[in-house]
$ cat input-v6.cif   # mmCIF, C-alpha atoms
data_start
loop_
_atom_site.label_atom_id
_atom_site.label_comp_id
_atom_site.auth_asym_id
_atom_site.auth_seq_id
_atom_site.Cartn_x
_atom_site.Cartn_y
_atom_site.Cartn_z
CA MET W 253 -4.06 0.37 22.34
CA THR W 254 -4.66 -1.70 19.25
CA LYS W 255 -7.63 -3.35 17.61
CA ALA W 256 -6.85 -6.52 19.59
CA GLU W 257 -7.58 -4.78 22.89
CA ILE W 258 -10.85 -3.40 21.60
CA VAL W 259 -11.80 -6.91 20.46
CA GLU W 260 -10.92 -8.18 23.94
CA GLN W 261 -13.28 -5.65 25.53
CA ILE W 262 -16.14 -6.69 23.27
CA TYR W 263 -15.40 -10.34 23.99
CA GLU W 264 -15.36 -9.85 27.76
CA LYS W 265 -18.29 -7.50 28.10
CA ILE W 266 -20.77 -8.41 25.39
CA GLY W 267 -20.67 -12.16 25.26
CA PHE W 268 -19.61 -12.87 21.72
CA SER W 269 -16.97 -15.44 20.92
CA LYS W 270 -13.46 -14.16 20.20
CA LYS W 271 -13.98 -14.77 16.51
CA GLU W 272 -17.32 -12.95 16.45
CA SER W 273 -15.87 -10.06 18.43
CA ALA W 274 -12.96 -9.74 16.02
CA ASP W 275 -15.27 -9.90 13.00
CA ILE W 276 -17.61 -7.24 14.32
CA VAL W 277 -14.83 -4.83 15.23
CA GLU W 278 -13.36 -5.36 11.79
CA LEU W 279 -16.77 -4.70 10.23
CA VAL W 280 -17.17 -1.43 12.14
CA PHE W 281 -13.81 -0.07 11.00
CA ASP W 282 -14.30 -1.33 7.45
CA THR W 283 -17.69 0.36 7.29
CA MET W 284 -16.08 3.60 8.45
CA LYS W 285 -13.38 3.31 5.80
CA ASP W 286 -15.91 2.63 3.04
CA THR W 287 -18.08 5.54 4.10
CA LEU W 288 -15.16 7.94 4.20
CA SER W 289 -13.79 6.86 0.86
CA LYS W 290 -17.16 7.67 -0.67
CA GLY W 291 -16.53 11.17 0.61
CA GLU W 292 -19.22 10.93 3.24
CA LYS W 293 -18.49 12.28 6.69
CA ILE W 294 -18.92 10.36 9.92
CA LYS W 295 -20.12 12.00 13.10
CA ILE W 296 -19.66 10.12 16.34
CA SER W 297 -21.21 12.08 19.16
CA GLY W 298 -18.93 12.37 22.17
CA PHE W 299 -15.94 11.38 20.08
CA GLY W 300 -15.61 13.52 16.99
CA ASN W 301 -16.26 13.98 13.29
CA PHE W 302 -14.32 12.52 10.41
CA VAL W 303 -14.58 14.75 7.39
CA VAL W 304 -13.21 14.35 3.87
CA ARG W 305 -12.04 17.65 2.45
CA GLN W 306 -11.27 18.52 -1.12
CA LYS W 307 -7.98 20.36 -1.42
CA HIS W 308 -7.15 22.42 -4.50
CA SER W 309 -3.81 22.15 -6.18
CA ARG W 310 -1.25 24.67 -5.03
CA VAL W 311 2.38 25.50 -5.44
CA GLY W 312 4.56 24.09 -2.73
CA ARG W 313 8.26 24.14 -2.17
CA ASN W 314 10.74 21.45 -1.39
CA PRO W 315 12.11 22.79 1.89
CA GLN W 316 15.42 21.07 1.32
CA THR W 317 16.18 22.47 -2.12
CA GLY W 318 13.82 25.45 -2.31
CA GLN W 319 12.52 24.15 -5.60
CA SER W 320 8.89 24.93 -6.48
CA ILE W 321 6.62 22.00 -7.14
CA GLU W 322 2.96 21.70 -7.80
CA ILE W 323 0.99 19.93 -5.08
CA THR W 324 -1.86 18.24 -6.89
CA ALA W 325 -5.51 18.57 -5.91
CA ARG W 326 -6.46 15.83 -3.50
CA LYS W 327 -8.91 14.68 -0.93
CA VAL W 328 -7.79 14.47 2.65
CA LEU W 329 -9.37 13.13 5.78
CA THR W 330 -9.50 15.29 8.86
CA PHE W 331 -10.67 14.46 12.34
CA ARG W 332 -12.36 17.13 14.45
CA PRO W 333 -12.57 16.00 18.06
CA SER W 334 -15.84 16.57 19.86
CA GLN W 335 -16.04 19.35 22.42
CA VAL W 336 -17.07 16.73 24.98
CA LEU W 337 -13.88 14.74 24.39
CA LYS W 338 -11.73 17.86 24.47
CA SER W 339 -13.11 18.98 27.81
CA ALA W 340 -12.88 15.47 29.26
CA LEU W 341 -9.18 15.40 28.35
CA ASN W 342 -8.55 18.66 30.12
CA LYS W 343 -10.65 18.00 33.18
CA GLU W 344 -8.39 15.68 35.18
CA GLY W 345 -6.10 17.30 37.66
CA VAL W 346 -8.02 20.58 37.67
CA MET X 89 -23.35 9.19 8.74
CA ASN X 90 -23.71 9.31 12.49
CA LYS X 91 -23.38 6.66 15.17
CA SER X 92 -26.88 5.31 14.67
CA GLY X 93 -26.33 5.10 10.90
CA LEU X 94 -23.20 3.10 11.60
CA THR X 95 -25.13 0.93 14.05
CA ASN X 96 -27.79 0.20 11.43
CA ILE X 97 -25.21 -0.99 8.93
CA ILE X 98 -23.56 -3.25 11.52
CA CYS X 99 -26.97 -4.58 12.49
CA GLU X 100 -27.74 -5.54 8.88
CA LYS X 101 -24.34 -6.81 7.82
CA ALA X 102 -23.62 -8.82 10.96
CA ASN X 103 -27.22 -9.92 11.30
CA LEU X 104 -27.43 -8.71 14.88
CA PRO X 105 -30.31 -7.33 16.90
CA LYS X 106 -30.17 -3.55 16.87
CA LYS X 107 -29.60 -3.41 20.61
CA LYS X 108 -26.52 -5.63 20.35
CA ALA X 109 -25.13 -3.66 17.43
CA LYS X 110 -25.55 -0.45 19.40
CA GLU X 111 -23.80 -1.99 22.40
CA VAL X 112 -20.84 -2.96 20.23
CA VAL X 113 -20.52 0.40 18.50
CA ASP X 114 -20.82 2.26 21.81
CA MET X 115 -18.27 0.04 23.44
CA ILE X 116 -15.74 0.50 20.65
CA PHE X 117 -15.81 4.27 20.95
CA ASP X 118 -16.02 4.23 24.76
CA THR X 119 -12.95 1.97 24.88
CA MET X 120 -11.10 4.35 22.60
CA ILE X 121 -12.11 7.38 24.65
CA GLY X 122 -10.92 5.56 27.79
CA ALA X 123 -7.52 5.00 26.21
CA LEU X 124 -7.18 8.65 25.22
CA LEU X 125 -8.14 9.76 28.73
CA ARG X 126 -5.28 7.59 30.02
CA ASP X 127 -3.07 9.40 27.52
CA GLU X 128 -2.65 6.20 25.60
CA ARG X 129 -2.04 6.08 21.88
CA ILE X 130 -4.46 4.07 19.75
CA GLU X 131 -3.44 2.45 16.54
CA ILE X 132 -6.06 1.00 14.24
CA ARG X 133 -4.38 -0.72 11.33
CA GLY X 134 -5.75 0.51 8.04
CA LEU X 135 -7.56 3.45 9.59
CA GLY X 136 -5.00 5.51 11.45
CA SER X 137 -3.79 6.41 14.90
CA PHE X 138 -5.10 8.60 17.66
CA SER X 139 -2.90 10.28 20.20
CA VAL X 140 -3.08 13.05 22.74
CA ARG X 141 -0.96 16.09 22.09
CA HIS X 142 0.12 18.31 24.92
CA TYR X 143 0.34 22.03 24.34
CA GLU X 144 2.25 24.46 26.55
CA ALA X 145 0.77 27.67 27.90
CA TYR X 146 1.35 30.68 25.70
CA THR X 147 0.39 34.31 25.51
CA GLY X 148 -2.16 34.76 22.79
CA ARG X 149 -3.79 37.83 21.44
CA ASN X 150 -7.34 38.63 20.62
CA PRO X 151 -6.95 39.47 16.94
CA ARG X 152 -9.86 41.90 17.06
CA THR X 153 -8.81 43.99 20.03
CA GLY X 154 -5.09 43.21 20.20
CA GLU X 155 -5.55 42.37 23.84
CA SER X 156 -3.11 39.84 25.36
CA ILE X 157 -4.56 36.74 26.92
CA GLU X 158 -2.94 33.89 28.73
CA VAL X 159 -3.72 30.56 27.04
CA LYS X 160 -3.43 27.70 29.53
CA PRO X 161 -1.65 24.43 28.78
CA LYS X 162 -4.03 21.98 27.16
CA LYS X 163 -4.36 18.53 25.70
CA LEU X 164 -5.98 17.82 22.37
CA PRO X 165 -6.78 14.55 20.66
CA PHE X 166 -5.02 14.17 17.35
CA PHE X 167 -5.76 11.77 14.51
CA LYS X 168 -3.26 10.76 11.89
CA THR X 169 -4.82 9.07 8.89
CA GLY X 170 -3.26 5.72 8.05
CA LYS X 171 -1.48 5.30 4.74
CA GLU X 172 -4.02 2.86 3.37
CA LEU X 173 -7.04 5.01 4.19
CA LYS X 174 -5.28 8.15 2.99
CA GLU X 175 -4.81 6.60 -0.43
CA PHE X 176 -8.30 5.12 -0.38
CA VAL X 177 -9.96 8.47 0.38
CA ASP X 178 -8.06 10.19 -2.39
CA SER X 179 -8.43 7.48 -5.02
CA LYS X 180 -12.17 7.34 -5.49
CA ASP X 181 -13.93 9.88 -7.64
CA GLU X 182 -16.69 12.03 -6.28
CA ILE X 183 -20.05 10.32 -6.12
#
$ encode --input "input-v6.cif" --output "structure tokens"
Amino acid sequence: MTKAEIVEQIYEKIGFSKKESADIVELVFDTMKDTLSKGEKIKISGFGNFVVRQKHSRVGRNPQTGQSIEITARKVLTFRPSQVLKSALNKEGV
Amino acid sequence: MNKSGLTNIICEKANLPKKKAKEVVDMIFDTMIGALLRDERIEIRGLGSFSVRHYEAYTGRNPRTGESIEVKPKKLPFFKTGKELKEFVDSKDEI
């Protein structure tokens, strides 16, 4: 599934034009990106949480050569799926 | 920020009634959940991709008691941050 299919859903079900649907979907994802890059987390109930975590620098190793290198401190984004979504995924066929 | 915070921003920026904005935000996530339940991969350019990972059954151990337990096969949603967002998240200084 891509953004285009999400836009299509909005277009069919909510009664916006194709252009409006595309713009709104774009706006939602852009807003999420902006929020996350400010370091703020996003919680979507029933879906999951997007959290920005600060990682400290550490010594890593190039697995190919065995050479030690410093992995710089950085911020990374992690997604923690909601319990509701996890159980829904494992419900079918049980 | 939670879903209603996101809805409020959409409502302001797109100049939509709150009810409409909520409908849109709900539908976006419901559509994505539907795809994951069908075991379908989702790719959102600029944000990242979601997929369902399948895990085999394994024998685990309760670390406290050392007791063996059978862990059943399971599926878990997995998110891989897109390159653009990854760089974006790391580039800005703390606010």
$ atom_distance --input "input-v6.cif" --atom1 "CA of Thr95 (chain X)" --atom2 "CA of Ala109 (chain X)"
5.7 Å
$ interface_residues --input "input-v6.cif" --of "chain X" --to "chain W" --cutoff "7 Å" --atoms "all atoms listed in the file" --output "list in words"
Met89, Asn90, Lys91, Ile98, Val112, Ile116, Thr119, Ala123, Leu125, Glu128, Arg129, Ile130, Glu131, Ile132, Leu135, Lys162, Lys163, Leu164, Pro165, Phe167, Thr169, Leu173, Lys174, Phe176, Val177, Asp178, Lys180, Glu182 and Ile183 of chain X
$ write_last_selection --input "input-v6.cif" --atoms "C-alpha atoms" --output "CSV table (one decimal), in the frame of the given file"
chain,number,residue,atom,x,y,z
X,89,MET,CA,-23.4,9.2,8.7
X,90,ASN,CA,-23.7,9.3,12.5
X,91,LYS,CA,-23.4,6.7,15.2
X,98,ILE,CA,-23.6,-3.2,11.5
X,112,VAL,CA,-20.8,-3.0,20.2
X,116,ILE,CA,-15.7,0.5,20.6
X,119,THR,CA,-13.0,2.0,24.9
X,123,ALA,CA,-7.5,5.0,26.2
X,125,LEU,CA,-8.1,9.8,28.7
X,128,GLU,CA,-2.6,6.2,25.6
X,129,ARG,CA,-2.0,6.1,21.9
X,130,ILE,CA,-4.5,4.1,19.8
X,131,GLU,CA,-3.4,2.4,16.5
X,132,ILE,CA,-6.1,1.0,14.2
X,135,LEU,CA,-7.6,3.4,9.6
X,162,LYS,CA,-4.0,22.0,27.2
X,163,LYS,CA,-4.4,18.5,25.7
X,164,LEU,CA,-6.0,17.8,22.4
X,165,PRO,CA,-6.8,14.6,20.7
X,167,PHE,CA,-5.8,11.8,14.5
X,169,THR,CA,-4.8,9.1,8.9
X,173,LEU,CA,-7.0,5.0,4.2
X,174,LYS,CA,-5.3,8.2,3.0
X,176,PHE,CA,-8.3,5.1,-0.4
X,177,VAL,CA,-10.0,8.5,0.4
X,178,ASP,CA,-8.1,10.2,-2.4
X,180,LYS,CA,-12.2,7.3,-5.5
X,182,GLU,CA,-16.7,12.0,-6.3
X,183,ILE,CA,-20.0,10.3,-6.1
$ atom_distance --input "input-v6.cif" --atom1 "CA of Arg149 (chain X)" --atom2 "CA of Pro161 (chain X)"
15.4 Å
$ resolve_selection --input "input-v6.cif" --expression "the PyMOL selection byres ((chain W and resi 309) around 10)" --output "list in words"
Gln306, Lys307, His308, Arg310, Val311, Gly312, Glu322, Ile323, Thr324, Ala325 and Arg326 of chain W
$ write_last_selection --input "input-v6.cif" --atoms "C-alpha atoms" --output "compact mmCIF listing (two decimals), keeping the file's coordinate frame"
# COMPACT_ATOMS: atom_id res chain seq x y z
CA GLN W 306 -11.27 18.52 -1.12
CA LYS W 307 -7.98 20.36 -1.42
CA HIS W 308 -7.15 22.42 -4.50
CA ARG W 310 -1.25 24.67 -5.03
CA VAL W 311 2.38 25.50 -5.44
CA GLY W 312 4.56 24.09 -2.73
CA GLU W 322 2.96 21.70 -7.80
CA ILE W 323 0.99 19.93 -5.08
CA THR W 324 -1.86 18.24 -6.89
CA ALA W 325 -5.51 18.57 -5.91
CA ARG W 326 -6.46 15.83 -3.50
$ atom_distance --input "input-v6.cif" --atom1 "CA of Ser269 (chain W)" --atom2 "CA of Ser92 (chain X)"
23.8 Å
$ resolve_selection --input "input-v6.cif" --expression "the PyMOL selection byres ((chain X and resi 145) around 7)" --output "PyMOL selection string"
chain X and resi 143-144+146+159-161
$ closest_residue --input "input-v6.cif" --among "X:Leu94, X:Leu104, X:Ile157, X:Leu124" --to "Phe138 (chain X)" --atoms "only C-alpha atoms"
X:Leu124
$ closest_residue --input "input-v6.cif" --among "X:Gly136, X:Ser156, X:His142, X:Glu111" --to "Phe268 (chain W)" --atoms "only C-alpha atoms"
X:Glu111
